[in-house]
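Peer 1: So here's start.csv, just CSV, N, CA and C atoms:
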```
chain,number,residue,atom,x,y,z
P,1340,MET,N,-54.0,92.7,2.6
P,1340,MET,CA,-53.8,94.0,2.0
P,1340,MET,C,-53.4,93.8,0.5
P,1341,ILE,N,-53.9,94.6,-0.3
P,1341,ILE,CA,-53.6,94.5,-1.8
P,1341,ILE,C,-52.4,95.4,-2.1
P,1342,THR,N,-51.3,94.8,-2.4
P,1342,THR,CA,-50.1,95.6,-2.7
P,1342,THR,C,-50.1,96.1,-4.1
P,1343,PRO,N,-49.4,97.1,-4.5
P,1343,PRO,CA,-49.4,97.6,-5.9
P,1343,PRO,C,-49.0,96.5,-6.9
P,1344,VAL,N,-48.0,95.7,-6.5
P,1344,VAL,CA,-47.7,94.6,-7.4
P,1344,VAL,C,-48.8,93.6,-7.6
P,1345,LEU,N,-49.4,93.2,-6.5
P,1345,LEU,CA,-50.6,92.3,-6.6
P,1345,LEU,C,-51.7,92.9,-7.4
P,1346,LEU,N,-52.0,94.2,-7.1
P,1346,LEU,CA,-53.1,94.9,-7.8
P,1346,LEU,C,-52.8,94.9,-9.3
P,1347,SER,N,-51.6,95.1,-9.7
P,1347,SER,CA,-51.3,95.2,-11.2
P,1347,SER,C,-51.5,93.9,-11.9
P,1348,ARG,N,-51.5,92.8,-11.2
P,1348,ARG,CA,-51.8,91.5,-11.8
P,1348,ARG,C,-53.2,91.0,-11.5
P,1349,LEU,N,-53.7,91.5,-10.4
P,1349,LEU,CA,-55.1,91.0,-10.0
P,1349,LEU,C,-56.2,91.6,-10.9
P,1350,LEU,N,-56.1,92.8,-11.3
P,1350,LEU,CA,-57.2,93.4,-12.1
P,1350,LEU,C,-57.3,92.7,-13.5
P,1351,PRO,N,-56.1,92.5,-14.2
P,1351,PRO,CA,-56.3,91.7,-15.4
P,1351,PRO,C,-56.8,90.3,-15.2
P,1352,TYR,N,-56.4,89.7,-14.1
P,1352,TYR,CA,-56.9,88.4,-13.8
P,1352,TYR,C,-58.4,88.4,-13.6
P,1353,ILE,N,-58.9,89.4,-12.9
P,1353,ILE,CA,-60.4,89.5,-12.7
P,1353,ILE,C,-61.0,89.7,-14.1
P,1354,GLY,N,-60.4,90.5,-15.0
P,1354,GLY,CA,-60.9,90.7,-16.3
P,1354,GLY,C,-61.1,89.3,-17.1
P,1355,GLY,N,-60.1,88.4,-16.9
P,1355,GLY,CA,-60.2,87.1,-17.5
P,1355,GLY,C,-61.3,86.3,-16.9
P,1356,ILE,N,-61.5,86.4,-15.6
P,1356,ILE,CA,-62.7,85.7,-15.0
P,1356,ILE,C,-64.0,86.2,-15.6
P,1357,ALA,N,-64.0,87.5,-15.7
P,1357,ALA,CA,-65.3,88.1,-16.3
P,1357,ALA,C,-65.5,87.6,-17.7
P,1358,ARG,N,-64.5,87.7,-18.5
P,1358,ARG,CA,-64.6,87.2,-19.9
P,1358,ARG,C,-65.1,85.7,-20.0
P,1359,GLU,N,-64.4,84.9,-19.2
P,1359,GLU,CA,-64.8,83.5,-19.2
P,1359,GLU,C,-66.2,83.2,-18.8
P,1360,ASN,N,-66.8,84.1,-18.0
P,1360,ASN,CA,-68.2,84.0,-17.5
P,1360,ASN,C,-69.2,84.9,-18.2
P,1361,LYS,N,-68.8,85.4,-19.4
P,1361,LYS,CA,-69.7,86.3,-20.2
P,1361,LYS,C,-70.1,87.6,-19.5
P,1362,MET,N,-69.2,88.1,-18.7
P,1362,MET,CA,-69.3,89.4,-18.1
P,1362,MET,C,-68.3,90.3,-18.9
P,1363,ARG,N,-68.6,91.6,-18.8
P,1363,ARG,CA,-67.6,92.5,-19.4
P,1363,ARG,C,-67.1,93.4,-18.3
P,1364,LEU,N,-65.8,93.4,-18.1
P,1364,LEU,CA,-65.1,94.3,-17.1
P,1364,LEU,C,-64.8,95.6,-17.9
P,1365,LEU,N,-65.6,96.6,-17.7
P,1365,LEU,CA,-65.4,97.9,-18.4
P,1365,LEU,C,-64.3,98.7,-17.8
P,1366,HIS,N,-64.1,98.6,-16.5
P,1366,HIS,CA,-63.0,99.4,-15.9
P,1366,HIS,C,-62.8,98.8,-14.5
P,1367,ALA,N,-61.6,98.9,-14.0
P,1367,ALA,CA,-61.2,98.4,-12.7
P,1367,ALA,C,-60.1,99.3,-12.1
P,1368,GLY,N,-60.1,99.3,-10.8
P,1368,GLY,CA,-59.1,100.0,-10.1
P,1368,GLY,C,-59.2,99.6,-8.6
P,1369,GLY,N,-58.2,100.0,-7.8
P,1369,GLY,CA,-58.2,99.6,-6.4
P,1369,GLY,C,-57.2,100.3,-5.6
P,1370,VAL,N,-57.2,100.1,-4.4
P,1370,VAL,CA,-56.3,100.6,-3.4
P,1370,VAL,C,-55.9,99.4,-2.5
P,1371,ASP,N,-55.3,99.7,-1.4
P,1371,ASP,CA,-54.8,98.6,-0.5
P,1371,ASP,C,-55.8,97.7,0.1
P,1372,ASP,N,-57.0,98.2,0.3
P,1372,ASP,CA,-58.0,97.5,1.0
P,1372,ASP,C,-59.3,97.2,0.2
P,1373,HIS,N,-59.4,97.6,-1.0
P,1373,HIS,CA,-60.6,97.2,-1.8
P,1373,HIS,C,-60.4,97.5,-3.3
P,1374,VAL,N,-61.2,96.9,-4.1
P,1374,VAL,CA,-61.2,97.2,-5.6
P,1374,VAL,C,-62.6,97.7,-6.0
P,1375,HIS,N,-62.6,98.4,-7.1
P,1375,HIS,CA,-63.8,98.9,-7.7
P,1375,HIS,C,-63.9,98.2,-9.1
P,1376,LEU,N,-65.0,97.6,-9.5
P,1376,LEU,CA,-65.1,97.0,-10.8
P,1376,LEU,C,-66.4,97.6,-11.4
P,1377,LEU,N,-66.2,98.1,-12.6
P,1377,LEU,CA,-67.4,98.5,-13.4
P,1377,LEU,C,-67.6,97.4,-14.4
P,1378,LEU,N,-68.7,96.6,-14.1
P,1378,LEU,CA,-69.0,95.4,-14.8
P,1378,LEU,C,-70.3,95.6,-15.6
P,1379,SER,N,-70.4,94.9,-16.7
P,1379,SER,CA,-71.6,94.7,-17.4
P,1379,SER,C,-72.0,93.2,-17.4
P,1380,LEU,N,-73.1,92.9,-16.9
P,1380,LEU,CA,-73.6,91.6,-16.7
P,1380,LEU,C,-74.7,91.2,-17.7
P,1381,LEU,N,-74.7,89.9,-18.1
P,1381,LEU,CA,-75.9,89.5,-18.8
P,1381,LEU,C,-77.1,89.6,-17.9
P,1382,LYS,N,-78.3,89.7,-18.5
P,1382,LYS,CA,-79.5,89.8,-17.7
P,1382,LYS,C,-79.8,88.5,-17.0
P,1383,THR,N,-79.2,87.4,-17.4
P,1383,THR,CA,-79.4,86.2,-16.7
P,1383,THR,C,-78.4,85.9,-15.5
P,1384,MET,N,-77.5,86.8,-15.3
P,1384,MET,CA,-76.5,86.6,-14.2
P,1384,MET,C,-76.8,87.5,-13.1
P,1385,SER,N,-77.0,87.0,-11.9
P,1385,SER,CA,-77.2,87.8,-10.7
P,1385,SER,C,-75.9,88.5,-10.3
P,1386,ILE,N,-76.0,89.6,-9.6
P,1386,ILE,CA,-74.8,90.2,-9.0
P,1386,ILE,C,-74.1,89.3,-8.0
P,1387,SER,N,-74.9,88.5,-7.2
P,1387,SER,CA,-74.3,87.6,-6.3
P,1387,SER,C,-73.5,86.5,-7.0
P,1388,LYS,N,-74.0,86.0,-8.1
P,1388,LYS,CA,-73.2,85.0,-8.8
P,1388,LYS,C,-72.0,85.6,-9.4
P,1389,ALA,N,-72.1,86.8,-10.0
P,1389,ALA,CA,-70.9,87.5,-10.5
P,1389,ALA,C,-69.8,87.6,-9.4
P,1390,MET,N,-70.2,88.1,-8.2
P,1390,MET,CA,-69.3,88.3,-7.1
P,1390,MET,C,-68.7,87.0,-6.7
P,1391,GLN,N,-69.5,85.9,-6.6
P,1391,GLN,CA,-69.0,84.6,-6.2
P,1391,GLN,C,-67.9,84.2,-7.2
P,1392,LEU,N,-68.1,84.3,-8.5
P,1392,LEU,CA,-67.2,83.9,-9.5
P,1392,LEU,C,-65.9,84.7,-9.4
P,1393,ILE,N,-66.0,86.0,-9.3
P,1393,ILE,CA,-64.9,86.9,-9.2
P,1393,ILE,C,-64.1,86.7,-7.9
P,1394,LYS,N,-64.8,86.8,-6.8
P,1394,LYS,CA,-64.1,86.7,-5.5
P,1394,LYS,C,-63.5,85.3,-5.3
P,1395,GLY,N,-64.2,84.3,-5.6
P,1395,GLY,CA,-63.7,82.9,-5.4
P,1395,GLY,C,-62.6,82.6,-6.4
P,1396,GLY,N,-62.7,82.9,-7.6
P,1396,GLY,CA,-61.6,82.7,-8.6
P,1396,GLY,C,-60.4,83.5,-8.3
P,1397,SER,N,-60.5,84.7,-8.0
P,1397,SER,CA,-59.4,85.6,-7.8
P,1397,SER,C,-58.7,85.2,-6.5
P,1398,SER,N,-59.4,84.8,-5.5
P,1398,SER,CA,-58.8,84.4,-4.2
P,1398,SER,C,-58.0,83.1,-4.3
P,1399,LYS,N,-58.6,82.2,-5.0
P,1399,LYS,CA,-57.8,80.9,-5.3
P,1399,LYS,C,-56.5,81.2,-6.1
P,1400,TRP,N,-56.6,82.1,-7.1
P,1400,TRP,CA,-55.4,82.4,-7.9
P,1400,TRP,C,-54.4,83.1,-7.0
P,1401,ILE,N,-54.8,84.0,-6.2
P,1401,ILE,CA,-53.9,84.7,-5.3
P,1401,ILE,C,-53.1,83.8,-4.4
P,1402,HIS,N,-53.9,82.8,-3.8
P,1402,HIS,CA,-53.2,81.9,-2.9
P,1402,HIS,C,-52.3,81.0,-3.7
P,1403,GLU,N,-52.6,80.6,-4.9
P,1403,GLU,CA,-51.7,79.7,-5.7
P,1403,GLU,C,-50.5,80.4,-6.3
P,1404,THR,N,-50.7,81.7,-6.6
P,1404,THR,CA,-49.6,82.4,-7.3
P,1404,THR,C,-48.7,83.2,-6.4
P,1405,PHE,N,-49.2,83.7,-5.3
P,1405,PHE,CA,-48.5,84.6,-4.4
P,1405,PHE,C,-48.4,84.0,-3.0
P,1406,PRO,N,-47.4,83.1,-2.7
P,1406,PRO,CA,-47.4,82.5,-1.3
P,1406,PRO,C,-47.4,83.5,-0.2
P,1407,GLU,N,-46.8,84.7,-0.5
P,1407,GLU,CA,-46.7,85.7,0.6
P,1407,GLU,C,-48.1,86.3,0.9
P,1408,HIS,N,-49.1,86.0,0.1
P,1408,HIS,CA,-50.5,86.5,0.3
P,1408,HIS,C,-51.4,85.3,0.7
P,1409,ARG,N,-50.9,84.2,1.2
P,1409,ARG,CA,-51.7,83.1,1.5
P,1409,ARG,C,-52.8,83.4,2.5
P,1410,MET,N,-52.7,84.4,3.3
P,1410,MET,CA,-53.7,84.8,4.3
P,1410,MET,C,-54.8,85.8,3.6
P,1411,PHE,N,-54.6,86.1,2.4
P,1411,PHE,CA,-55.5,87.0,1.7
P,1411,PHE,C,-56.9,86.4,1.7
P,1412,ALA,N,-57.9,87.3,1.9
P,1412,ALA,CA,-59.3,86.9,1.9
P,1412,ALA,C,-60.1,88.2,1.6
P,1413,TRP,N,-61.1,88.0,0.7
P,1413,TRP,CA,-62.0,89.1,0.4
P,1413,TRP,C,-63.0,89.1,1.6
P,1414,GLN,N,-63.5,90.3,1.9
P,1414,GLN,CA,-64.6,90.3,3.0
P,1414,GLN,C,-65.8,89.5,2.5
P,1415,GLU,N,-66.6,89.1,3.4
P,1415,GLU,CA,-67.8,88.3,3.0
P,1415,GLU,C,-68.7,89.0,2.1
P,1416,GLY,N,-69.0,90.2,2.3
P,1416,GLY,CA,-70.0,90.9,1.5
P,1416,GLY,C,-69.4,91.7,0.4
P,1417,TYR,N,-70.2,92.6,-0.2
P,1417,TYR,CA,-69.8,93.4,-1.3
P,1417,TYR,C,-70.8,94.5,-1.4
P,1418,GLY,N,-70.4,95.6,-2.1
P,1418,GLY,CA,-71.4,96.6,-2.5
P,1418,GLY,C,-71.6,96.7,-4.0
P,1419,ALA,N,-72.8,96.8,-4.4
P,1419,ALA,CA,-73.1,96.9,-5.8
P,1419,ALA,C,-74.1,98.0,-6.1
P,1420,PHE,N,-73.7,98.9,-7.0
P,1420,PHE,CA,-74.6,100.0,-7.4
P,1420,PHE,C,-74.7,100.0,-8.9
P,1421,SER,N,-75.9,100.2,-9.4
P,1421,SER,CA,-76.1,100.3,-10.9
P,1421,SER,C,-75.9,101.7,-11.3
P,1422,ILE,N,-75.5,101.9,-12.6
P,1422,ILE,CA,-75.3,103.2,-13.1
P,1422,ILE,C,-76.0,103.3,-14.5
P,1423,SER,N,-76.3,104.4,-15.0
P,1423,SER,CA,-76.8,104.6,-16.3
P,1423,SER,C,-75.6,104.7,-17.3
P,1424,ILE,N,-75.8,104.4,-18.5
P,1424,ILE,CA,-74.7,104.5,-19.5
P,1424,ILE,C,-74.2,106.0,-19.5
P,1425,SER,N,-75.0,106.9,-19.2
P,1425,SER,CA,-74.5,108.3,-19.2
P,1425,SER,C,-73.6,108.6,-18.1
P,1426,ASP,N,-73.5,107.8,-17.1
P,1426,ASP,CA,-72.6,108.0,-16.0
P,1426,ASP,C,-71.3,107.1,-16.1
P,1427,ARG,N,-71.2,106.5,-17.2
P,1427,ARG,CA,-70.0,105.6,-17.4
P,1427,ARG,C,-68.7,106.3,-17.2
P,1428,GLN,N,-68.5,107.4,-17.9
P,1428,GLN,CA,-67.2,108.2,-17.9
P,1428,GLN,C,-67.0,108.7,-16.5
P,1429,ARG,N,-68.0,109.2,-15.9
P,1429,ARG,CA,-67.9,109.8,-14.5
P,1429,ARG,C,-67.5,108.7,-13.5
P,1430,THR,N,-68.0,107.5,-13.7
P,1430,THR,CA,-67.7,106.3,-12.9
P,1430,THR,C,-66.2,105.9,-13.1
P,1431,ILE,N,-65.8,105.9,-14.3
P,1431,ILE,CA,-64.4,105.5,-14.7
P,1431,ILE,C,-63.5,106.5,-14.0
P,1432,GLN,N,-63.8,107.8,-14.0
P,1432,GLN,CA,-63.0,108.8,-13.4
P,1432,GLN,C,-63.0,108.6,-11.9
P,1433,TYR,N,-64.1,108.3,-11.3
P,1433,TYR,CA,-64.2,108.0,-9.9
P,1433,TYR,C,-63.3,106.8,-9.5
P,1434,ILE,N,-63.3,105.7,-10.3
P,1434,ILE,CA,-62.4,104.6,-10.0
P,1434,ILE,C,-61.0,105.0,-10.2
P,1435,ASP,N,-60.6,105.7,-11.2
P,1435,ASP,CA,-59.2,106.1,-11.4
P,1435,ASP,C,-58.7,107.0,-10.3
P,1436,ASN,N,-59.6,107.8,-9.6
P,1436,ASN,CA,-59.2,108.7,-8.6
P,1436,ASN,C,-59.2,108.1,-7.2
P,1437,GLN,N,-59.4,106.8,-7.1
P,1437,GLN,CA,-59.4,106.2,-5.8
P,1437,GLN,C,-58.2,106.4,-4.9
P,1438,PRO,N,-57.0,106.3,-5.4
P,1438,PRO,CA,-55.8,106.5,-4.5
P,1438,PRO,C,-55.8,107.9,-3.9
P,1439,GLU,N,-56.1,108.9,-4.7
P,1439,GLU,CA,-56.1,110.3,-4.2
P,1439,GLU,C,-57.3,110.5,-3.3
P,1440,HIS,N,-58.4,110.0,-3.7
P,1440,HIS,CA,-59.7,110.2,-2.9
P,1440,HIS,C,-59.5,109.6,-1.5
P,1441,HIS,N,-58.9,108.4,-1.4
P,1441,HIS,CA,-58.9,107.8,-0.1
P,1441,HIS,C,-57.8,108.3,0.8
P,1442,LYS,N,-57.1,109.3,0.3
P,1442,LYS,CA,-56.2,110.1,1.2
P,1442,LYS,C,-57.0,111.0,2.1
P,1443,LYS,N,-58.2,111.3,1.6
P,1443,LYS,CA,-59.1,112.3,2.3
P,1443,LYS,C,-60.2,111.6,3.1
P,1444,VAL,N,-60.8,110.5,2.5
P,1444,VAL,CA,-61.9,109.8,3.1
P,1444,VAL,C,-61.6,108.3,3.1
P,1445,ASP,N,-61.7,107.7,4.2
P,1445,ASP,CA,-61.4,106.2,4.3
P,1445,ASP,C,-62.6,105.5,3.7
P,1446,PHE,N,-62.3,104.2,3.3
P,1446,PHE,CA,-63.3,103.4,2.6
P,1446,PHE,C,-64.6,103.2,3.4
P,1447,LYS,N,-64.5,102.9,4.7
P,1447,LYS,CA,-65.6,102.6,5.5
P,1447,LYS,C,-66.6,103.8,5.6
P,1448,THR,N,-66.0,105.0,5.8
P,1448,THR,CA,-66.8,106.2,5.9
P,1448,THR,C,-67.5,106.4,4.5
P,1449,GLU,N,-66.8,106.3,3.4
P,1449,GLU,CA,-67.4,106.5,2.1
P,1449,GLU,C,-68.5,105.5,1.8
P,1450,PHE,N,-68.3,104.2,2.2
P,1450,PHE,CA,-69.3,103.2,1.9
P,1450,PHE,C,-70.6,103.5,2.6
P,1451,VAL,N,-70.4,103.8,3.9
P,1451,VAL,CA,-71.6,104.1,4.7
P,1451,VAL,C,-72.3,105.4,4.1
P,1452,SER,N,-71.6,106.3,3.7
P,1452,SER,CA,-72.2,107.5,3.1
P,1452,SER,C,-73.0,107.2,1.8
P,1453,PHE,N,-72.5,106.2,1.0
P,1453,PHE,CA,-73.2,105.7,-0.2
P,1453,PHE,C,-74.5,105.1,0.3
P,1454,LEU,N,-74.4,104.2,1.3
P,1454,LEU,CA,-75.7,103.6,1.8
P,1454,LEU,C,-76.7,104.6,2.2
P,1455,ASP,N,-76.2,105.6,2.9
P,1455,ASP,CA,-77.1,106.7,3.4
P,1455,ASP,C,-77.7,107.5,2.2
P,1456,ALA,N,-76.8,107.9,1.3
P,1456,ALA,CA,-77.2,108.7,0.1
P,1456,ALA,C,-78.3,108.0,-0.7
P,1457,HIS,N,-78.2,106.6,-0.7
P,1457,HIS,CA,-79.2,105.9,-1.5
P,1457,HIS,C,-80.4,105.3,-0.6
P,1458,GLU,N,-80.4,105.9,0.6
P,1458,GLU,CA,-81.5,105.6,1.5
P,1458,GLU,C,-81.7,104.1,1.7
P,1459,MET,N,-80.6,103.4,1.9
P,1459,MET,CA,-80.6,101.9,2.1
P,1459,MET,C,-80.6,101.6,3.6
P,1460,ASP,N,-81.5,100.6,3.9
P,1460,ASP,CA,-81.5,100.2,5.3
P,1460,ASP,C,-80.3,99.3,5.6
P,1461,TYR,N,-79.7,99.5,6.7
P,1461,TYR,CA,-78.5,98.6,7.1
P,1461,TYR,C,-78.3,98.7,8.6
P,1462,ASP,N,-77.7,97.7,9.1
P,1462,ASP,CA,-77.3,97.7,10.5
P,1462,ASP,C,-75.8,97.8,10.5
P,1463,ILE,N,-75.2,98.8,11.0
P,1463,ILE,CA,-73.8,99.1,10.9
P,1463,ILE,C,-73.0,97.9,11.5
P,1464,ARG,N,-73.6,97.1,12.4
P,1464,ARG,CA,-72.8,96.0,13.0
P,1464,ARG,C,-72.5,95.0,11.9
P,1465,TYR,N,-73.2,95.0,10.8
P,1465,TYR,CA,-73.0,93.9,9.8
P,1465,TYR,C,-72.5,94.5,8.5
P,1466,VAL,N,-72.1,95.7,8.5
P,1466,VAL,CA,-71.6,96.3,7.2
P,1466,VAL,C,-70.2,95.8,6.9
P,1467,PHE,N,-69.4,95.8,7.9
P,1467,PHE,CA,-68.0,95.3,7.8
P,1467,PHE,C,-67.7,94.2,8.8
P,1468,ASP,N,-66.9,93.2,8.3
P,1468,ASP,CA,-66.5,92.1,9.2
P,1468,ASP,C,-65.4,92.5,10.1
```
Just give me the structure as structure tokens.
Peer 2:
Amino acid sequence: MITPVLLSRLLPYIGGIARENKMRLLHAGGVDDHVHLLLSLLKTMSISKAMQLIKGGSSKWIHETFPEHRMFAWQEGYGAFSISISDRQRTIQYIDNQPEHHKKVDFKTEFVSFLDAHEMDYDIRYVFD
């Protein structure tokens, strides 16, 4: 679980990982069980590579910096959705509203509704570990 103290240090650390790897973290936020990152990637970097760098680097840092979170692990997968530049501000507002939003809709329900809304094929058995 991502505590408020951990989150307040984690998001800037992820920003550092992004900068070191020529990504731009445009906005970030999170709650106790997930984070949202609005990233701009170079056209030569795949989303899977970006997630590998961010999840691997941040997980290692959490284990080294926060002994009380030594059992922390990101889930194996991730969700990635592209947006147009015209949706940037709306996406930032969405990220900022996560704590309030998840009082009404849990993460798993929302994620599956995103998949459905974008007509993505999936097997629910493999969506969450």
Peer 1: One decimal, Å: what's the distance from atom N of P:Leu1364 over to atom CA of P:Leu1377, could you say?
Peer 2: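 One can read the atom N of P:Leu1364 to atom CA of P:Leu1377 distance as 7.1 Å.
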Peer 1: Do you have the atom C of P:His1457-atom N of P:Ser1421 distance handy?
Peer 2: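 Distance reported for this atom pair: 11.1 Å.
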Peer 1: Between P:Gln1437, P:Arg1358, P:Ile1424, P:Val1370, which one has atoms that come closest to P:Val1344, using only C-alpha atoms?
Peer 2: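 Using only C-alpha atoms, the shortest distance to P:Val1344 belongs to P:Val1370.
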Peer 1: With distances taken over only N, CA and C atoms, which residue among P:Asn1360, P:Gly1416, P:Ile1463, P:Asp1371 lies nearest P:Ile1341?
Peer 2: P:Asp1371
Peer 1: Could you tell me how far atom C of P:Leu1454 lies from atom CA of P:Asp1372, in Å and to one decimal?
Peer 2: 20.0 Å
Peer 1: Report as JSON, numbers by chain: the residues of chain P with a DSSP assignment of alpha helix (DSSP H), based on the backbone of this structure.
Peer 2: {"P": [1343, 1344, 1345, 1346, 1347, 1348, 1349, 1350, 1351, 1352, 1353, 1354, 1355, 1356, 1357, 1358, 1359, 1386, 1387, 1388, 1389, 1390, 1391, 1392, 1393, 1394, 1395, 1396, 1397, 1398, 1399, 1400, 1401, 1402, 1403, 1404, 1427, 1428, 1429, 1430, 1431, 1432, 1433, 1434, 1435, 1437, 1438, 1439, 1440, 1446, 1447, 1448, 1449, 1450, 1451, 1452, 1453, 1454, 1455, 1456]}
Peer 1: Ranking P:Val1444, P:Ile1386, P:Leu1392, P:Val1466 by minimum distance to P:Gly1354 and counting only C-alpha atoms, which one comes first?
Peer 2: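 Checking each of P:Val1444, P:Ile1386, P:Leu1392, P:Val1466 against P:Gly1354, counting only C-alpha atoms, the winner is P:Leu1392.
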Peer 1: When distances are computed from only C-alpha atoms, which of P:Ile1431, P:Val1374, P:Ala1367, P:Ile1422 shows the smallest separation from P:Thr1342?
Peer 2: P:Val1374
Peer 1: Kindly indicate which residue among P:Ile1353, P:Ser1347, P:His1375, P:Asp1426 lies nearest to P:Gly1396, using all atoms listed in the file for the distances.
Peer 2: P:Ile1353
Peer 1: Which neighbours of P:Ser1379 fall inside 8 Å, counting all atoms listed in the file, when residues of the same chain fewer than 4 positions from it are skipped, and could you give them as a list in words?
Peer 2: Lys1361, Met1362, Arg1363, Leu1364, Leu1365 and His1366 of chain P
Peer 1: Show me the residues around (-51.8, 90.1, -3.3) - criterion: an atom at most 8 Å away, all atoms listed in the file counted - as a VMD selection string.
Peer 2: chain P and resid 1340 to 1346 1349 1401 to 1402 1405 1407 to 1409 1411
